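Raw contents of query_9.cif, mmCIF, C-alpha atoms:
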```
data_query
loop_
_atom_site.label_atom_id
_atom_site.label_comp_id
_atom_site.auth_asym_id
_atom_site.auth_seq_id
_atom_site.Cartn_x
_atom_site.Cartn_y
_atom_site.Cartn_z
CA MET A 15 -142.76 213.43 -8.12
CA HIS A 16 -143.16 212.90 -4.36
CA HIS A 17 -139.91 214.75 -3.68
CA LEU A 18 -140.97 217.69 -5.84
CA VAL A 19 -144.32 217.90 -4.05
CA GLN A 20 -142.72 217.70 -0.61
CA LEU A 21 -140.21 220.40 -1.47
CA HIS A 22 -142.85 222.80 -2.77
CA GLN A 23 -145.18 222.12 0.11
CA SER A 24 -142.43 222.99 2.59
CA LEU A 25 -141.43 226.11 0.69
CA TYR A 26 -145.06 227.23 0.51
CA MET A 27 -145.79 226.49 4.18
CA GLN A 28 -142.71 228.38 5.27
CA ALA A 29 -143.54 231.27 2.94
CA ARG A 30 -140.20 230.85 1.18
CA SER A 31 -140.27 232.36 -2.27
CA ALA A 32 -137.24 230.42 -3.44
CA HIS A 33 -136.85 229.93 -7.14
CA VAL A 34 -136.86 226.35 -8.33
CA LEU A 35 -135.77 225.03 -11.70
CA ALA A 36 -137.05 221.51 -12.30
CA PHE A 37 -135.32 219.71 -15.15
CA SER A 38 -136.52 216.73 -17.10
CA PHE A 39 -134.81 214.86 -19.88
CA ALA A 40 -138.20 214.15 -21.44
CA PRO A 41 -139.06 216.11 -24.57
CA ALA A 42 -140.86 219.41 -23.99
CA ALA A 43 -144.23 218.13 -25.21
CA ARG A 44 -144.07 215.09 -22.92
CA LEU A 45 -143.03 217.28 -19.97
CA ALA A 46 -145.89 219.71 -20.63
CA GLN A 47 -148.33 216.79 -20.81
CA TRP A 48 -146.99 215.34 -17.55
CA ILE A 49 -147.42 218.67 -15.78
CA THR A 50 -151.03 218.85 -16.92
CA THR A 51 -152.07 215.25 -16.42
CA GLU A 52 -150.00 214.20 -13.41
CA LEU A 53 -148.44 217.08 -11.53
CA ASP A 54 -151.35 219.51 -11.45
CA ALA A 55 -153.35 217.08 -9.32
CA GLN A 56 -150.67 216.91 -6.61
CA LEU A 57 -148.85 220.22 -6.80
CA PRO A 58 -151.17 223.23 -6.72
CA PRO A 59 -150.07 226.06 -9.02
CA ALA A 60 -149.89 228.41 -6.00
CA TRP A 61 -147.14 226.25 -4.52
CA ARG A 62 -145.03 226.51 -7.65
CA ALA A 63 -145.38 230.17 -8.48
CA HIS A 64 -141.59 230.53 -8.57
CA THR A 65 -140.88 227.24 -10.31
CA ARG A 66 -140.01 226.75 -13.93
CA PHE A 67 -139.92 223.43 -15.70
CA VAL A 68 -137.04 222.96 -18.09
CA PRO A 69 -136.86 220.21 -20.71
CA ASP A 70 -133.35 218.96 -21.41
CA PRO A 71 -133.90 216.05 -23.80
CA ASP A 72 -130.28 216.01 -24.95
CA ARG A 73 -129.20 215.97 -21.28
CA ILE A 74 -126.71 218.74 -21.86
CA ILE A 75 -127.40 220.37 -18.48
CA TYR A 76 -127.68 216.99 -16.75
CA HIS A 77 -124.18 216.22 -17.99
CA ARG A 78 -122.85 219.65 -17.01
CA TYR A 79 -123.91 218.76 -13.47
CA GLY A 80 -122.26 215.36 -13.66
CA LEU A 81 -125.50 213.42 -13.89
CA GLY A 82 -124.90 210.31 -15.96
CA ARG A 83 -126.59 206.96 -15.80
CA ASN A 84 -126.84 204.49 -12.95
CA SER A 85 -126.06 200.82 -13.31
CA PRO A 86 -129.05 198.48 -13.74
CA LEU A 87 -128.08 196.81 -10.45
CA ARG A 88 -128.59 200.07 -8.57
CA VAL A 89 -131.79 200.93 -10.38
CA TYR A 90 -133.36 197.55 -9.78
CA GLY A 91 -131.64 196.70 -6.50
CA PRO A 92 -133.36 195.72 -3.23
CA ARG A 93 -133.96 199.33 -2.14
CA ILE A 94 -135.93 200.13 -5.29
CA LEU A 95 -137.82 196.86 -5.20
CA TRP A 96 -138.78 197.70 -1.60
CA HIS A 97 -139.87 201.20 -2.69
CA TYR A 98 -142.04 199.76 -5.44
CA GLY A 99 -143.42 197.15 -3.04
CA VAL A 100 -144.53 199.88 -0.64
CA ARG A 101 -146.15 201.77 -3.50
CA PHE A 102 -147.98 198.63 -4.56
CA LEU A 103 -149.26 197.96 -1.04
CA ARG A 104 -150.49 201.55 -0.80
CA GLY A 105 -152.46 201.00 -3.97
CA GLN A 106 -150.31 203.49 -5.88
CA GLY A 107 -149.29 200.95 -8.49
CA ILE A 108 -145.97 200.62 -10.21
CA PRO A 109 -145.05 203.63 -12.34
CA ARG A 110 -144.93 203.02 -16.07
CA VAL A 111 -141.55 204.22 -17.24
CA ARG A 112 -141.31 205.80 -20.67
CA GLU A 113 -137.96 207.55 -20.35
CA ASP A 114 -134.51 206.12 -19.66
CA PRO A 115 -134.85 204.44 -16.23
CA LEU A 116 -131.09 204.53 -15.64
CA GLN A 117 -130.66 208.31 -15.81
CA LYS A 118 -129.53 209.78 -12.50
CA GLY A 119 -131.33 212.64 -10.80
CA GLY A 120 -129.95 215.17 -8.38
CA ASP A 121 -130.56 218.27 -6.31
CA PHE A 122 -128.42 221.37 -6.09
CA VAL A 123 -128.77 224.72 -4.36
CA VAL A 124 -126.97 227.66 -5.95
CA ASP A 125 -126.33 230.69 -3.79
CA ARG A 126 -126.57 234.29 -4.91
CA ARG A 127 -122.84 234.34 -5.71
CA GLY A 128 -123.33 231.50 -8.16
CA ARG A 129 -121.69 228.90 -5.92
CA ILE A 130 -122.99 225.46 -5.07
CA ALA A 131 -124.50 225.45 -1.57
CA LEU A 132 -125.90 221.91 -1.69
CA SER A 133 -124.95 219.05 -3.97
CA HIS A 134 -126.73 215.72 -3.92
CA VAL A 135 -126.71 213.03 -6.55
CA GLY A 136 -128.88 210.04 -5.76
CA LYS A 137 -127.11 206.77 -5.03
CA ASP A 138 -130.09 205.04 -6.59
CA GLN A 139 -133.42 206.00 -8.10
CA ALA A 140 -135.10 206.56 -4.73
CA ASP A 141 -132.36 208.63 -3.09
CA ARG A 142 -133.10 212.34 -2.65
CA PRO A 143 -131.84 214.78 -0.04
CA ALA A 144 -134.12 215.56 2.89
CA VAL A 145 -136.22 218.63 2.20
CA SER A 146 -134.94 220.03 5.49
CA ALA A 147 -131.39 219.90 4.08
CA ILE A 148 -132.48 221.89 1.02
CA LEU A 149 -134.23 224.46 3.22
CA ALA A 150 -131.14 224.77 5.42
CA ALA A 151 -128.93 225.27 2.38
CA LEU A 152 -131.32 227.92 1.07
CA ALA A 153 -131.26 229.73 4.39
CA ALA A 154 -127.47 229.66 4.49
CA ALA A 155 -127.24 230.75 0.84
CA ALA A 156 -129.55 233.76 1.17
CA MET B 14 -132.20 201.43 -27.19
CA TYR B 15 -128.72 202.78 -26.42
CA THR B 16 -125.75 201.87 -28.56
CA ALA B 17 -122.20 201.64 -27.28
CA ASP B 18 -121.37 204.76 -29.28
CA MET B 19 -124.11 206.73 -27.57
CA LEU B 20 -122.99 205.62 -24.11
CA ASP B 21 -119.39 206.43 -24.94
CA LEU B 22 -120.36 209.87 -26.20
CA SER B 23 -122.39 210.43 -23.06
CA SER B 24 -119.52 209.51 -20.75
CA ARG B 25 -117.08 211.74 -22.63
CA MET B 26 -119.41 214.72 -22.23
CA LEU B 27 -120.01 214.13 -18.53
CA SER B 28 -118.59 216.83 -16.28
CA PRO B 29 -117.59 216.20 -12.66
CA ILE B 30 -120.37 216.61 -10.12
CA PRO B 31 -120.05 220.14 -8.72
CA ARG B 32 -119.34 220.11 -4.99
CA VAL B 33 -120.29 222.59 -2.30
CA GLY B 34 -118.33 225.79 -2.84
CA ASP B 35 -117.69 225.14 -6.53
CA PRO B 36 -118.96 227.61 -9.10
CA ALA B 37 -122.30 226.38 -10.40
CA PRO B 38 -122.10 225.36 -14.05
CA GLU B 39 -123.85 228.05 -16.02
CA PHE B 40 -126.38 227.43 -18.77
CA ALA B 41 -128.87 229.15 -21.00
CA THR B 42 -131.90 227.32 -22.29
CA VAL B 43 -135.68 227.65 -22.52
CA ASP B 44 -138.38 226.38 -20.19
CA VAL B 45 -141.37 224.27 -21.14
CA SER B 46 -143.23 227.44 -22.19
CA GLY B 47 -140.39 228.52 -24.46
CA GLN B 48 -139.27 231.32 -22.14
CA PRO B 49 -135.52 231.78 -21.71
CA VAL B 50 -133.87 230.40 -18.60
CA VAL B 51 -130.35 231.55 -17.78
CA LEU B 52 -128.32 230.54 -14.77
CA THR B 53 -125.51 232.97 -14.23
CA HIS B 54 -125.61 235.13 -11.16
CA HIS B 55 -129.01 235.01 -9.56
CA PRO B 56 -130.37 237.64 -7.17
CA LYS B 57 -131.72 234.90 -4.92
CA PRO B 58 -130.65 231.34 -4.21
CA VAL B 59 -132.10 228.85 -6.63
CA VAL B 60 -132.88 225.15 -6.23
CA LEU B 61 -132.12 222.89 -9.17
CA VAL B 62 -134.03 219.62 -9.19
CA PHE B 63 -133.03 217.14 -11.86
CA LEU B 64 -135.87 214.69 -12.25
CA ARG B 65 -135.52 211.09 -13.20
CA HIS B 66 -138.08 209.50 -15.46
CA LEU B 67 -141.54 211.03 -15.35
CA ALA B 68 -143.98 208.65 -13.68
#
```
Can the structure in the file be given as structure tokens, please?
Amino acid sequence: MHHLVQLHQSLYMQARSAHVLAFSFAPAARLAQWITTELDAQLPPAWRAHTRFVPDPDRIIYHRYGLGRNSPLRVYGPRILWHYGVRFLRGQGIPRVREDPLQKGGDFVVDRRGRIALSHVGKDQADRPAVSAILAALAAAA
Amino acid sequence: MYTADMLDLSSRMLSPIPRVGDPAPEFATVDVSGQPVVLTHHPKPVVLVFLRHLA
């Protein structure tokens, strides 16, 4: 969620009206509940005026973008344990995982010609591209 | 939770990761509100964020 918040904050602060499609492999009802109970508190609706949330419980679109599953070693490797340790020390607790913890995430920017302008698939569950890289790809793709 | 058959099916359906310059895989689906979402040619650049588990 932190990545999603950072991205939208940057887009909002820079007055970029980029369209964002945020996919989840959770069922639609669970995604809708998460938006209401978790996301609304951290991501003001004004920041996500151009964002749509898309459930993909069968992972059809995930698979079209090459997003399979990570190995357990990557998911629970030292980098993730460190990430969770930092969360714990900050008092943020350890997230309770309901969905498949091995599913990969990723970020892509599609330009107006329908071509990929940025492609990033996380090496592990904490790996996301820098928001600045997404903004640069958006600027180049416009 | 996941059987070998399910994992095998998943791997067979997995497309290559699209690289910079590749055509973006197109799709048509619905968003969480039930409104249609289609990615073909878009008048503006669009960011696709594929979330991991919700937490």
Please evaluate the PyMOL selection byres ((chain B) within 6 of (chain A)) against the structure above and give the resulting residues as a count of residues only. 26
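In this structure, CA of Leu25 in chain A sits 7.7 Å away from CA of Trp61 in chain A.
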Work out how far apart CA of Pro86 in chain A and CA of Asp141 in chain A are and give it in Å to one decimal. 15.1 Å
Please, what distance in Å, to one decimal, runs between CA of Pro92 in chain A and CA of Gln106 in chain A? 18.8 Å
Could you list, as number ranges by chain, every residue within 7 Å of Ala41 in chain B, counting all atoms listed in the file and ignoring same-chain residues fewer than 2 positions away? B: 50-52
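Of the listed residues A:Arg62, A:Leu57, A:Arg101, A:Lys137, the one whose atoms come nearest to Leu87 in chain A is A:Lys137, with distances taken using all atoms listed in the file.
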Around all listed atoms of range 31-46 of chain B, padded 4 Å per side, what centre and edge lengths does the axis-aligned box have in Å to one decimal, as AutoDock Vina command-line options?
```
--center_x -130.5 --center_y 224.6 --center_z -12.4 --size_x 33.5 --size_y 17.0 --size_z 28.2
```
Find, counting all atoms listed in the file, the residue in A:Tyr90, A:Ser146, A:Val19, A:Gly107 that gets nearest to Ala55 in chain A. A:Val19
Is it possible to add N, CA, C and O atoms to range 29-50 of chain B and hand it back as a PDB file, keeping the file's coordinate frame?
```pdb
ATOM      1  N   PRO B  29    -117.576 216.635 -14.059  1.00  0.00           N
ATOM      2  CA  PRO B  29    -117.590 216.200 -12.660  1.00  0.00           C
ATOM      3  C   PRO B  29    -118.800 216.792 -11.934  1.00  0.00           C
ATOM      4  O   PRO B  29    -119.276 217.871 -12.297  1.00  0.00           O
ATOM      5  N   ILE B  30    -119.257 216.084 -10.933  1.00  0.00           N
ATOM      6  CA  ILE B  30    -120.370 216.610 -10.120  1.00  0.00           C
ATOM      7  C   ILE B  30    -119.866 217.818  -9.342  1.00  0.00           C
ATOM      8  O   ILE B  30    -118.856 217.730  -8.640  1.00  0.00           O
ATOM      9  N   PRO B  31    -120.512 218.985  -9.480  1.00  0.00           N
ATOM     10  CA  PRO B  31    -120.050 220.140  -8.720  1.00  0.00           C
ATOM     11  C   PRO B  31    -120.282 219.944  -7.223  1.00  0.00           C
ATOM     12  O   PRO B  31    -121.336 219.470  -6.817  1.00  0.00           O
ATOM     13  N   ARG B  32    -119.273 220.276  -6.446  1.00  0.00           N
ATOM     14  CA  ARG B  32    -119.340 220.110  -4.990  1.00  0.00           C
ATOM     15  C   ARG B  32    -119.649 221.447  -4.330  1.00  0.00           C
ATOM     16  O   ARG B  32    -119.531 222.503  -4.950  1.00  0.00           O
ATOM     17  N   VAL B  33    -119.984 221.370  -3.048  1.00  0.00           N
ATOM     18  CA  VAL B  33    -120.290 222.590  -2.300  1.00  0.00           C
ATOM     19  C   VAL B  33    -119.096 223.539  -2.360  1.00  0.00           C
ATOM     20  O   VAL B  33    -117.960 223.137  -2.117  1.00  0.00           O
ATOM     21  N   GLY B  34    -119.381 224.772  -2.721  1.00  0.00           N
ATOM     22  CA  GLY B  34    -118.330 225.790  -2.840  1.00  0.00           C
ATOM     23  C   GLY B  34    -117.836 225.984  -4.254  1.00  0.00           C
ATOM     24  O   GLY B  34    -117.237 227.008  -4.568  1.00  0.00           O
ATOM     25  N   ASP B  35    -118.094 225.009  -5.122  1.00  0.00           N
ATOM     26  CA  ASP B  35    -117.690 225.140  -6.530  1.00  0.00           C
ATOM     27  C   ASP B  35    -118.588 226.159  -7.236  1.00  0.00           C
ATOM     28  O   ASP B  35    -119.753 226.331  -6.858  1.00  0.00           O
ATOM     29  N   PRO B  36    -118.068 226.790  -8.282  1.00  0.00           N
ATOM     30  CA  PRO B  36    -118.960 227.610  -9.100  1.00  0.00           C
ATOM     31  C   PRO B  36    -120.005 226.717  -9.769  1.00  0.00           C
ATOM     32  O   PRO B  36    -119.678 225.638 -10.259  1.00  0.00           O
ATOM     33  N   ALA B  37    -121.237 227.170  -9.754  1.00  0.00           N
ATOM     34  CA  ALA B  37    -122.300 226.380 -10.400  1.00  0.00           C
ATOM     35  C   ALA B  37    -122.126 226.452 -11.912  1.00  0.00           C
ATOM     36  O   ALA B  37    -121.940 227.546 -12.457  1.00  0.00           O
ATOM     37  N   PRO B  38    -122.163 225.317 -12.585  1.00  0.00           N
ATOM     38  CA  PRO B  38    -122.100 225.360 -14.050  1.00  0.00           C
ATOM     39  C   PRO B  38    -123.226 226.227 -14.616  1.00  0.00           C
ATOM     40  O   PRO B  38    -124.388 226.056 -14.242  1.00  0.00           O
ATOM     41  N   GLU B  39    -122.856 227.137 -15.474  1.00  0.00           N
ATOM     42  CA  GLU B  39    -123.850 228.050 -16.020  1.00  0.00           C
ATOM     43  C   GLU B  39    -124.508 227.442 -17.253  1.00  0.00           C
ATOM     44  O   GLU B  39    -123.949 226.543 -17.896  1.00  0.00           O
ATOM     45  N   PHE B  40    -125.680 227.926 -17.579  1.00  0.00           N
ATOM     46  CA  PHE B  40    -126.380 227.430 -18.770  1.00  0.00           C
ATOM     47  C   PHE B  40    -127.401 228.459 -19.212  1.00  0.00           C
ATOM     48  O   PHE B  40    -127.794 229.337 -18.446  1.00  0.00           O
ATOM     49  N   ALA B  41    -127.786 228.340 -20.436  1.00  0.00           N
ATOM     50  CA  ALA B  41    -128.870 229.150 -21.000  1.00  0.00           C
ATOM     51  C   ALA B  41    -129.716 228.219 -21.845  1.00  0.00           C
ATOM     52  O   ALA B  41    -129.209 227.499 -22.705  1.00  0.00           O
ATOM     53  N   THR B  42    -131.002 228.216 -21.578  1.00  0.00           N
ATOM     54  CA  THR B  42    -131.900 227.320 -22.290  1.00  0.00           C
ATOM     55  C   THR B  42    -133.291 227.937 -22.296  1.00  0.00           C
ATOM     56  O   THR B  42    -133.431 229.138 -22.053  1.00  0.00           O
ATOM     57  N   VAL B  43    -134.301 227.153 -22.580  1.00  0.00           N
ATOM     58  CA  VAL B  43    -135.680 227.650 -22.520  1.00  0.00           C
ATOM     59  C   VAL B  43    -136.499 226.687 -21.670  1.00  0.00           C
ATOM     60  O   VAL B  43    -136.198 225.491 -21.590  1.00  0.00           O
ATOM     61  N   ASP B  44    -137.529 227.248 -21.002  1.00  0.00           N
ATOM     62  CA  ASP B  44    -138.380 226.380 -20.190  1.00  0.00           C
ATOM     63  C   ASP B  44    -139.462 225.755 -21.057  1.00  0.00           C
ATOM     64  O   ASP B  44    -139.487 225.931 -22.280  1.00  0.00           O
ATOM     65  N   VAL B  45    -140.359 225.032 -20.406  1.00  0.00           N
ATOM     66  CA  VAL B  45    -141.370 224.270 -21.140  1.00  0.00           C
ATOM     67  C   VAL B  45    -142.329 225.190 -21.902  1.00  0.00           C
ATOM     68  O   VAL B  45    -142.971 224.772 -22.865  1.00  0.00           O
ATOM     69  N   SER B  46    -142.383 226.463 -21.492  1.00  0.00           N
ATOM     70  CA  SER B  46    -143.230 227.440 -22.190  1.00  0.00           C
ATOM     71  C   SER B  46    -142.475 228.164 -23.298  1.00  0.00           C
ATOM     72  O   SER B  46    -143.046 229.033 -23.955  1.00  0.00           O
ATOM     73  N   GLY B  47    -141.194 227.854 -23.447  1.00  0.00           N
ATOM     74  CA  GLY B  47    -140.390 228.520 -24.460  1.00  0.00           C
ATOM     75  C   GLY B  47    -139.741 229.798 -23.980  1.00  0.00           C
ATOM     76  O   GLY B  47    -139.096 230.504 -24.768  1.00  0.00           O
ATOM     77  N   GLN B  48    -139.885 230.107 -22.698  1.00  0.00           N
ATOM     78  CA  GLN B  48    -139.270 231.320 -22.140  1.00  0.00           C
ATOM     79  C   GLN B  48    -137.807 231.039 -21.790  1.00  0.00           C
ATOM     80  O   GLN B  48    -137.480 229.940 -21.319  1.00  0.00           O
ATOM     81  N   PRO B  49    -136.939 232.022 -22.001  1.00  0.00           N
ATOM     82  CA  PRO B  49    -135.520 231.780 -21.710  1.00  0.00           C
ATOM     83  C   PRO B  49    -135.240 231.560 -20.225  1.00  0.00           C
ATOM     84  O   PRO B  49    -135.873 232.188 -19.373  1.00  0.00           O
ATOM     85  N   VAL B  50    -134.326 230.673 -19.959  1.00  0.00           N
ATOM     86  CA  VAL B  50    -133.870 230.400 -18.600  1.00  0.00           C
ATOM     87  C   VAL B  50    -132.352 230.483 -18.629  1.00  0.00           C
ATOM     88  O   VAL B  50    -131.706 229.777 -19.399  1.00  0.00           O
TER      89      VAL B  50
END
```
